[in-house]
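J.: Enclosed is the structure file work28.tsv (TSV, C-alpha atoms and all ligand atoms).
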chain	number	residue	atom	x	y	z
F	1	MET	CA	48.01	-2.57	-26.34
F	2	ILE	CA	46.19	-2.19	-23.02
F	3	ASP	CA	47.41	-3.49	-19.66
F	4	LEU	CA	44.43	-4.69	-17.60
F	5	TYR	CA	44.83	-5.03	-13.84
F	6	THR	CA	41.93	-7.12	-12.66
F	7	ALA	CA	40.45	-9.88	-10.51
F	8	PRO	CA	37.50	-12.24	-11.12
F	9	THR	CA	34.68	-9.94	-9.97
F	10	PRO	CA	31.83	-8.04	-11.72
F	11	ASN	CA	33.76	-4.75	-11.91
F	12	GLY	CA	36.72	-6.56	-13.44
F	13	TRP	CA	34.53	-8.38	-16.00
F	14	LYS	CA	33.10	-5.09	-17.19
F	15	ALA	CA	36.56	-4.16	-18.47
F	16	SER	CA	37.50	-7.59	-19.87
F	17	VAL	CA	34.15	-8.07	-21.66
F	18	THR	CA	34.47	-4.58	-23.20
F	19	LEU	CA	38.03	-5.28	-24.35
F	20	GLU	CA	36.85	-8.57	-25.88
F	21	GLU	CA	33.89	-6.91	-27.63
F	22	LEU	CA	36.09	-4.15	-29.04
F	23	GLU	CA	38.82	-6.64	-30.03
F	24	ILE	CA	41.47	-4.43	-28.46
F	25	PRO	CA	44.64	-6.40	-27.66
F	26	TYR	CA	45.28	-6.54	-23.92
F	27	GLU	CA	47.57	-8.12	-21.39
F	28	VAL	CA	46.03	-9.33	-18.13
F	29	HIS	CA	47.77	-8.62	-14.82
F	30	PRO	CA	45.84	-10.51	-12.12
F	31	ILE	CA	45.60	-8.64	-8.81
F	32	ASN	CA	45.32	-10.93	-5.80
F	33	LEU	CA	42.68	-9.18	-3.68
F	34	LEU	CA	43.05	-11.67	-0.80
F	35	ALA	CA	46.77	-10.88	-0.60
F	36	GLY	CA	45.96	-7.14	-0.62
F	37	GLU	CA	47.86	-6.42	-3.85
F	38	GLN	CA	45.27	-3.71	-4.65
F	39	LYS	CA	46.79	-1.66	-1.80
F	40	ASP	CA	50.44	-1.98	-2.91
F	41	PRO	CA	52.05	1.48	-3.25
F	42	GLY	CA	52.97	0.82	-6.89
F	43	TYR	CA	49.38	-0.10	-7.75
F	44	LEU	CA	47.97	2.90	-5.85
F	45	LYS	CA	49.89	5.14	-8.26
F	46	LEU	CA	47.64	3.76	-11.02
F	47	ASN	CA	44.45	3.47	-8.96
F	48	PRO	CA	44.30	5.84	-5.95
F	49	ASN	CA	41.20	3.98	-4.69
F	50	GLY	CA	43.12	0.71	-4.30
F	51	ARG	CA	40.56	-1.40	-6.14
F	52	ILE	CA	40.23	-3.21	-9.42
F	53	PRO	CA	39.96	-2.74	-12.38
F	54	THR	CA	42.58	-0.39	-13.81
F	55	ILE	CA	43.83	-0.07	-17.38
F	56	VAL	CA	47.03	1.44	-18.74
F	57	ASP	CA	47.07	2.44	-22.41
F	58	ARG	CA	50.60	1.80	-23.66
F	59	ASP	CA	49.84	3.60	-26.95
F	60	GLU	CA	49.00	6.80	-25.08
F	61	ASN	CA	52.15	7.26	-23.06
F	62	ASP	CA	51.04	4.76	-20.42
F	63	PHE	CA	47.87	6.69	-19.64
F	64	ALA	CA	46.16	5.05	-16.64
F	65	VAL	CA	42.38	4.93	-16.09
F	66	PHE	CA	40.66	3.81	-12.86
F	67	GLU	CA	36.91	3.45	-12.06
F	68	SER	CA	35.25	0.82	-14.22
F	69	GLY	CA	32.65	3.18	-15.72
F	70	ALA	CA	35.38	5.59	-16.82
F	71	ILE	CA	37.34	2.64	-18.25
F	72	LEU	CA	34.38	1.52	-20.36
F	73	ILE	CA	33.86	5.04	-21.74
F	74	TYR	CA	37.59	5.39	-22.49
F	75	LEU	CA	37.74	2.08	-24.36
F	76	ALA	CA	34.53	2.69	-26.30
F	77	GLU	CA	35.76	6.12	-27.38
F	78	LYS	CA	39.17	4.73	-28.32
F	79	ALA	CA	37.56	2.11	-30.57
F	80	GLY	CA	34.64	4.29	-31.73
F	81	ARG	CA	32.11	1.58	-30.87
F	82	LEU	CA	29.58	0.68	-28.11
F	83	LEU	CA	29.00	4.39	-27.31
F	84	PRO	CA	27.34	6.60	-29.94
F	85	ALA	CA	28.86	9.97	-30.79
F	86	ASP	CA	25.58	11.93	-31.06
F	87	ARG	CA	24.68	13.76	-27.85
F	88	LYS	CA	21.34	12.05	-27.13
F	89	GLY	CA	22.49	8.56	-28.05
F	90	ARG	CA	25.60	9.02	-25.93
F	91	SER	CA	23.52	10.33	-23.04
F	92	ARG	CA	21.17	7.32	-23.17
F	93	VAL	CA	24.12	4.94	-22.84
F	94	ILE	CA	25.70	6.98	-20.06
F	95	GLN	CA	22.39	7.13	-18.13
F	96	TRP	CA	22.18	3.33	-17.99
F	97	LEU	CA	25.90	3.06	-17.28
F	98	MET	CA	25.49	5.45	-14.33
F	99	PHE	CA	22.48	3.44	-13.18
F	100	GLN	CA	24.82	0.47	-12.84
F	101	MET	CA	27.65	2.50	-11.27
F	102	GLY	CA	25.44	4.30	-8.78
F	103	SER	CA	22.79	1.68	-8.01
F	104	ILE	CA	23.16	-1.90	-9.27
F	105	GLY	CA	26.85	-2.24	-8.31
F	106	PRO	CA	26.74	-0.64	-4.85
F	107	MET	CA	23.45	-2.30	-3.84
F	108	MET	CA	24.45	-5.78	-5.03
F	109	GLY	CA	27.80	-5.25	-3.34
F	110	GLN	CA	26.09	-4.48	-0.03
F	111	ALA	CA	23.66	-7.39	-0.49
F	112	ASN	CA	26.71	-9.65	-0.81
F	113	VAL	CA	28.32	-8.15	2.30
F	114	PHE	CA	25.28	-8.75	4.52
F	115	PHE	CA	23.95	-11.93	2.91
F	116	ARG	CA	27.28	-13.72	2.37
F	117	TYR	CA	30.26	-12.15	4.10
F	118	PHE	CA	29.27	-10.63	7.45
F	119	PRO	CA	29.76	-13.17	10.25
F	120	GLU	CA	26.60	-11.84	12.01
F	121	LYS	CA	23.31	-12.29	10.18
F	122	ILE	CA	21.53	-8.92	10.41
F	123	GLN	CA	18.24	-9.78	8.75
F	124	PRO	CA	16.91	-6.19	8.31
F	125	ALA	CA	20.13	-5.24	6.48
F	126	ILE	CA	19.95	-8.35	4.28
F	127	ASP	CA	16.30	-7.59	3.47
F	128	ARG	CA	17.00	-3.94	2.78
F	129	TYR	CA	19.69	-4.59	0.16
F	130	GLN	CA	18.05	-7.62	-1.43
F	131	ASN	CA	14.71	-5.80	-1.73
F	132	GLU	CA	16.40	-2.74	-3.21
F	133	CYS	CA	18.24	-4.95	-5.73
F	134	ARG	CA	14.98	-6.62	-6.70
F	135	ARG	CA	13.43	-3.17	-7.21
F	136	LEU	CA	16.40	-2.15	-9.40
F	137	PHE	CA	16.06	-5.37	-11.41
F	138	GLU	CA	12.41	-4.44	-12.00
F	139	VAL	CA	13.56	-1.07	-13.36
F	140	LEU	CA	15.83	-2.92	-15.80
F	141	ASP	CA	13.04	-5.35	-16.68
F	142	THR	CA	10.63	-2.52	-17.49
F	143	ARG	CA	13.22	-0.85	-19.72
F	144	LEU	CA	14.00	-4.14	-21.45
F	145	GLY	CA	10.30	-4.62	-22.11
F	146	GLN	CA	10.45	-1.44	-24.22
F	147	SER	CA	13.80	-1.91	-25.89
F	148	GLU	CA	15.97	-4.83	-26.96
F	149	TRP	CA	19.01	-3.28	-25.25
F	150	LEU	CA	19.25	-0.79	-22.39
F	151	ALA	CA	20.08	2.15	-24.67
F	152	ASP	CA	19.24	2.11	-28.40
F	153	ASP	CA	21.82	-0.42	-29.60
F	154	TYR	CA	24.02	-2.89	-27.75
F	155	SER	CA	26.46	-0.79	-25.72
F	156	ILE	CA	28.78	-0.54	-22.73
F	157	ALA	CA	25.63	0.01	-20.62
F	158	ASP	CA	24.53	-3.59	-21.31
F	159	ILE	CA	28.00	-4.90	-20.49
F	160	ALA	CA	28.18	-2.96	-17.20
F	161	ASN	CA	24.75	-4.02	-15.93
F	162	TRP	CA	24.97	-7.61	-17.10
F	163	SER	CA	28.37	-8.16	-15.47
F	164	TRP	CA	26.67	-7.53	-12.12
F	165	VAL	CA	23.15	-8.89	-12.70
F	166	ARG	CA	24.48	-12.28	-13.85
F	167	THR	CA	25.63	-12.89	-10.24
F	168	TYR	CA	22.05	-12.53	-8.88
F	169	LYS	CA	22.14	-15.99	-7.30
F	170	TRP	CA	25.23	-15.16	-5.26
F	171	SER	CA	23.48	-12.01	-3.97
F	172	GLY	CA	20.29	-14.00	-3.24
F	173	ILE	CA	18.03	-11.88	-5.44
F	174	PRO	CA	15.12	-13.65	-7.14
F	175	ILE	CA	14.52	-12.90	-10.81
F	176	ASP	CA	11.25	-14.80	-11.18
F	177	GLY	CA	8.62	-12.92	-13.15
F	178	LEU	CA	11.26	-10.74	-14.86
F	179	ALA	CA	10.88	-12.18	-18.36
F	180	HIS	CA	12.50	-9.28	-20.22
F	181	LEU	CA	15.53	-9.31	-17.94
F	182	ARG	CA	15.89	-13.05	-18.45
F	183	ARG	CA	15.61	-12.70	-22.24
F	184	TRP	CA	18.34	-10.02	-22.21
F	185	MET	CA	20.59	-12.11	-19.94
F	186	ASP	CA	20.20	-15.07	-22.32
F	187	ARG	CA	21.15	-12.88	-25.29
F	188	MET	CA	24.19	-11.52	-23.46
F	189	LYS	CA	25.35	-14.98	-22.46
F	190	GLU	CA	25.33	-16.07	-26.11
F	191	ARG	CA	27.88	-13.42	-27.10
F	192	PRO	CA	31.39	-14.93	-27.43
F	193	ALA	CA	32.99	-11.78	-25.97
F	194	CYS	CA	30.78	-11.97	-22.88
F	195	ARG	CA	31.56	-15.65	-22.35
F	196	LYS	CA	35.27	-15.03	-22.73
F	197	GLY	CA	35.39	-11.82	-20.70
F	198	VAL	CA	33.84	-13.37	-17.59
F	199	GLU	CA	36.60	-15.98	-17.48
F	200	VAL	CA	39.27	-13.27	-17.01
F	201	PRO	CA	41.56	-13.69	-15.16
F	202	PHE	CA	40.00	-17.11	-14.38
F	203	LYS	CA	36.58	-18.71	-13.83
F	204	ILE	CA	34.95	-18.23	-10.45
F	205	PRO	CA	32.18	-20.80	-9.83
F	206	ALA	CA	30.78	-19.10	-6.68
F	207	LEU	CA	29.88	-15.86	-8.47
F	208	ASP	CA	28.67	-17.84	-11.48
F	209	GLY	CA	26.17	-19.57	-9.17
F	210	GLN	CA	27.83	-22.93	-9.84
F	211	ALA	CA	29.76	-23.57	-6.63
F	212	ASN	CA	28.94	-26.31	-4.15
F	213	GLU	CA	28.34	-25.27	-0.53
F	214	GLN	CA	31.94	-25.82	0.56
F	215	ALA	CA	33.41	-23.83	-2.33
F	216	ALA	CA	30.88	-21.04	-1.69
F	217	ASP	CA	31.89	-20.95	1.99
F	218	GLU	CA	35.57	-20.76	1.10
F	219	PHE	CA	34.93	-17.92	-1.33
F	220	ALA	CA	32.88	-16.04	1.31
F	221	LYS	CA	35.65	-16.49	3.89
F	222	GLY	CA	38.17	-15.00	1.46
F	223	ALA	CA	35.90	-12.01	0.87
F	224	GLN	CA	35.60	-11.52	4.65
F	225	THR	CA	39.35	-11.02	4.90
F	226	ILE	CA	39.15	-8.21	2.34
F	227	LEU	CA	36.40	-6.51	4.39
F	228	GLN	CA	38.52	-6.64	7.52
F	229	ARG	CA	41.40	-4.69	5.95
T	301	LIG	N1	33.73	2.12	-8.19
T	301	LIG	C1	34.81	1.18	-8.42
T	301	LIG	C2	34.60	-0.03	-7.54
T	301	LIG	C3	35.72	-1.03	-7.71
T	301	LIG	C4	35.62	-2.15	-6.69
T	301	LIG	O1	34.90	-2.06	-5.69
T	301	LIG	N2	36.33	-3.26	-6.96
T	301	LIG	C5	36.35	-4.36	-6.01
T	301	LIG	C6	36.15	-5.67	-6.74
T	301	LIG	S1	34.56	-5.74	-7.55
T	301	LIG	C7	37.69	-4.40	-5.32
T	301	LIG	O2	38.71	-4.09	-5.91
T	301	LIG	N3	37.71	-4.80	-4.03
T	301	LIG	C8	38.92	-4.91	-3.28
T	301	LIG	C9	38.89	-4.17	-1.98
T	301	LIG	O3	37.81	-3.74	-1.56
T	301	LIG	O4	39.95	-4.05	-1.38
T	301	LIG	C10	34.80	0.78	-9.90
T	301	LIG	O5	33.71	0.71	-10.47
T	301	LIG	O6	35.88	0.57	-10.48
How would this structure read if it were set down as structure tokens?
Ligand SMILES: N[C@@H](CCC(=O)N[C@@H](CS)C(=O)NCC(=O)O)C(=O)O
T.:
Amino acid sequence: MIDLYTAPTPNGWKASVTLEELEIPYEVHPINLLAGEQKDPGYLKLNPNGRIPTIVDRDENDFAVFESGAILIYLAEKAGRLLPADRKGRSRVIQWLMFQMGSIGPMMGQANVFFRYFPEKIQPAIDRYQNECRRLFEVLDTRLGQSEWLADDYSIADIANWSWVRTYKWSGIPIDGLAHLRRWMDRMKERPACRKGVEVPFKIPALDGQANEQAADEFAKGAQTILQR
């Protein structure tokens, strides 16, 4: 049994989708980011960075893992799926996982900050992050034109990248002309584990690109309070 400390955001979904795919039993502990629960001293003992997600493996003496990329590797290795054991296959998955951890996540995160959350509209900063995200999406599109999945088979690399890319509307990044990316996103969306995992701990229409203007504004205001901490 795994304890999952999470909130409805892309980094949280990476863990819940992986748990769903691997059919590992887990208990969800929602962390209220607006209330600052991620900075509670008790939580910081599990996650020194004060962010979500975190897992605790009850079967391994309550072993705690923070950093979503490390969580995905831990879970895949525990189950023996979604990450090949051979050195090259494993490396291919980890390369695309690191691409998400080092590029897609941070750049989309900054695009959100400047496009949605900052009270001042600093157009050069908005352009910089949105253009960089579009460039990164083109890298994914090129890869997906050569291969059905990012590595050889469906893996934690697809889960990690998709959990972020699916929120492209919220970040204001166009995906027109990226036919391979769109095909891959459609395939991902069809997977029951992906559908279920992105509703943990609950559905969030703004990030899903389904919120009306007022709901989007409210969500952005909430995110602003987190930035001010
Ligand atoms: N590198 C970390 C990033 C985690 C992260 O930034 N989580 C965000 C939600 S997506 C968070 O907890 N934000 C709360 C805060 O900034 O206080 C990971 O991949 O786990």
J.: Write out as a PyMOL selection string each polymer residue (protein, DNA or RNA) that has an atom no more than 9 Å from ligand LIG 301 (chain T), with only C-alpha atoms and all ligand atoms counted.
T.: chain F and resi 6-14+31+33-34+36-39+49-54+66-71+101-102+105-106+109+223+226-227+229
J.: Please, what distance in Å, to one decimal, runs between CA of Trp162 in chain F and CA of Arg135 in chain F?
T.: 15.8 Å
J.: Which one is closest to Arg58 in chain F: F:Gly89, F:Pro205, F:Pro25, F:Pro124? Count all atoms listed in the file.
T.: F:Pro25
J.: So which one's closest to Ala111 in chain F, F:Pro41, F:Pro192, F:Gly172, F:Gly209? Using only C-alpha atoms, please.
T.: F:Gly172
J.: List every protein, DNA or RNA residue that has an atom no more than 9 Å from (34.1, -4.3, -30.3) in the file's coordinate frame, counting all atoms listed in the file, and report them as a VMD selection string.
T.: chain F and resid 18 to 24 76 79 to 82 193
J.: Enumerate, as number ranges by chain, the protein, DNA and RNA residues whose atoms approach (46.1, -1.1, -26.4) to within 12 Å, taking into account only C-alpha atoms and the coordinate frame of the file.
T.: F: 1-4, 19-20, 22-28, 55-64, 74-75, 78-79
J.: Please, what distance in Å, to one decimal, runs between CA of Val17 in chain F and CA of Ala157 in chain F?
T.: 11.8 Å
J.: From the set F:Ala151, F:Leu144, F:Trp170, F:Met98, which residue has the shortest atom-to-atom contact distance to Gln110 in chain F, counting all atoms listed in the file?
T.: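 Among the listed residues, F:Trp170 lies closest to Gln110 in chain F.
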J.: Of the residues F:Val93, F:Ala179, F:Pro30, F:Leu150, which is the one nearest to Leu72 in chain F, using only C-alpha atoms?
T.: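 Residue with the minimum atom-to-atom distance to Leu72 in chain F: F:Val93.
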J.: Can you measure CA of Ala220 in chain F to CA of Pro48 in chain F for me? One decimal in Å is fine.
T.: 25.7 Å
J.: Could you check which of F:Ala125, F:Cys133, F:Met107, F:Ala160 is closest to Ile73 in chain F, using only C-alpha atoms?
T.: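 Of all the options, F:Ala160 lies closest to Ile73 in chain F.
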J.: Hey, which of F:Asp158, F:Asp176, F:Asp127, F:Asp153 ends up closest to Met188 in chain F? Count all atoms listed in the file.
T.: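 Closest candidate: F:Asp158.
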J.: Generate N, CA and C atoms for range 70-98 of chain F and emit them as an mmCIF file, keeping the file's coordinate frame.
T.:
data_model
loop_
_atom_site.group_PDB
_atom_site.id
_atom_site.type_symbol
_atom_site.label_atom_id
_atom_site.label_comp_id
_atom_site.auth_asym_id
_atom_site.auth_seq_id
_atom_site.Cartn_x
_atom_site.Cartn_y
_atom_site.Cartn_z
ATOM 1 N N ALA F 70 34.491 4.728 -16.037
ATOM 2 C CA ALA F 70 35.380 5.590 -16.820
ATOM 3 C C ALA F 70 36.208 4.749 -17.801
ATOM 4 N N ILE F 71 36.566 3.532 -17.376
ATOM 5 C CA ILE F 71 37.340 2.640 -18.250
ATOM 6 C C ILE F 71 36.514 2.253 -19.477
ATOM 7 N N LEU F 72 35.236 1.931 -19.245
ATOM 8 C CA LEU F 72 34.380 1.520 -20.360
ATOM 9 C C LEU F 72 34.207 2.674 -21.362
ATOM 10 N N ILE F 73 34.016 3.879 -20.845
ATOM 11 C CA ILE F 73 33.860 5.040 -21.740
ATOM 12 C C ILE F 73 35.160 5.256 -22.525
ATOM 13 N N TYR F 74 36.288 5.176 -21.828
ATOM 14 C CA TYR F 74 37.590 5.390 -22.490
ATOM 15 C C TYR F 74 37.789 4.387 -23.630
ATOM 16 N N LEU F 75 37.513 3.117 -23.341
ATOM 17 C CA LEU F 75 37.740 2.080 -24.360
ATOM 18 C C LEU F 75 36.791 2.236 -25.534
ATOM 19 N N ALA F 76 35.515 2.537 -25.223
ATOM 20 C CA ALA F 76 34.530 2.690 -26.300
ATOM 21 C C ALA F 76 34.900 3.872 -27.195
ATOM 22 N N GLU F 77 35.376 4.944 -26.589
ATOM 23 C CA GLU F 77 35.760 6.120 -27.380
ATOM 24 C C GLU F 77 37.026 5.837 -28.194
ATOM 25 N N LYS F 78 37.930 5.069 -27.602
ATOM 26 C CA LYS F 78 39.170 4.730 -28.320
ATOM 27 C C LYS F 78 38.842 3.933 -29.590
ATOM 28 N N ALA F 79 37.888 2.977 -29.441
ATOM 29 C CA ALA F 79 37.560 2.110 -30.570
ATOM 30 C C ALA F 79 36.480 2.717 -31.467
ATOM 31 N N GLY F 80 35.741 3.702 -30.952
ATOM 32 C CA GLY F 80 34.640 4.290 -31.730
ATOM 33 C C GLY F 80 33.454 3.349 -31.877
ATOM 34 N N ARG F 81 33.253 2.507 -30.861
ATOM 35 C CA ARG F 81 32.110 1.580 -30.870
ATOM 36 C C ARG F 81 31.528 1.439 -29.470
ATOM 37 N N LEU F 82 30.296 0.958 -29.382
ATOM 38 C CA LEU F 82 29.580 0.680 -28.110
ATOM 39 C C LEU F 82 29.206 1.938 -27.328
ATOM 40 N N LEU F 83 29.419 3.113 -27.914
ATOM 41 C CA LEU F 83 29.000 4.390 -27.310
ATOM 42 C C LEU F 83 28.822 5.376 -28.465
ATOM 43 N N PRO F 84 27.564 5.727 -28.769
ATOM 44 C CA PRO F 84 27.340 6.600 -29.940
ATOM 45 C C PRO F 84 27.974 7.976 -29.744
ATOM 46 N N ALA F 85 28.228 8.649 -30.869
ATOM 47 C CA ALA F 85 28.860 9.970 -30.790
ATOM 48 C C ALA F 85 27.815 11.081 -30.656
ATOM 49 N N ASP F 86 26.571 10.848 -31.138
ATOM 50 C CA ASP F 86 25.580 11.930 -31.060
ATOM 51 C C ASP F 86 25.158 12.150 -29.603
ATOM 52 N N ARG F 87 24.840 13.392 -29.261
ATOM 53 C CA ARG F 87 24.680 13.760 -27.850
ATOM 54 C C ARG F 87 23.581 12.954 -27.146
ATOM 55 N N LYS F 88 22.429 12.763 -27.821
ATOM 56 C CA LYS F 88 21.340 12.050 -27.130
ATOM 57 C C LYS F 88 21.629 10.555 -27.012
ATOM 58 N N GLY F 89 22.167 9.998 -28.086
ATOM 59 C CA GLY F 89 22.490 8.560 -28.050
ATOM 60 C C GLY F 89 23.534 8.279 -26.986
ATOM 61 N N ARG F 90 24.527 9.151 -26.932
ATOM 62 C CA ARG F 90 25.600 9.020 -25.930
ATOM 63 C C ARG F 90 25.024 9.161 -24.518
ATOM 64 N N SER F 91 24.118 10.112 -24.354
ATOM 65 C CA SER F 91 23.520 10.330 -23.040
ATOM 66 C C SER F 91 22.704 9.103 -22.601
ATOM 67 N N ARG F 92 21.970 8.498 -23.553
ATOM 68 C CA ARG F 92 21.170 7.320 -23.170
ATOM 69 C C ARG F 92 22.069 6.200 -22.639
ATOM 70 N N VAL F 93 23.187 5.984 -23.308
ATOM 71 C CA VAL F 93 24.120 4.940 -22.840
ATOM 72 C C VAL F 93 24.669 5.320 -21.466
ATOM 73 N N ILE F 94 25.068 6.567 -21.324
ATOM 74 C CA ILE F 94 25.700 6.980 -20.060
ATOM 75 C C ILE F 94 24.679 6.941 -18.911
ATOM 76 N N GLN F 95 23.402 7.218 -19.191
ATOM 77 C CA GLN F 95 22.390 7.130 -18.130
ATOM 78 C C GLN F 95 22.312 5.702 -17.569
ATOM 79 N N TRP F 96 22.289 4.708 -18.475
ATOM 80 C CA TRP F 96 22.180 3.330 -17.990
ATOM 81 C C TRP F 96 23.504 2.816 -17.405
ATOM 82 N N LEU F 97 24.596 3.400 -17.890
ATOM 83 C CA LEU F 97 25.900 3.060 -17.280
ATOM 84 C C LEU F 97 25.952 3.609 -15.854
ATOM 85 N N MET F 98 25.492 4.834 -15.672
ATOM 86 C CA MET F 98 25.490 5.450 -14.330
ATOM 87 C C MET F 98 24.514 4.725 -13.403
#
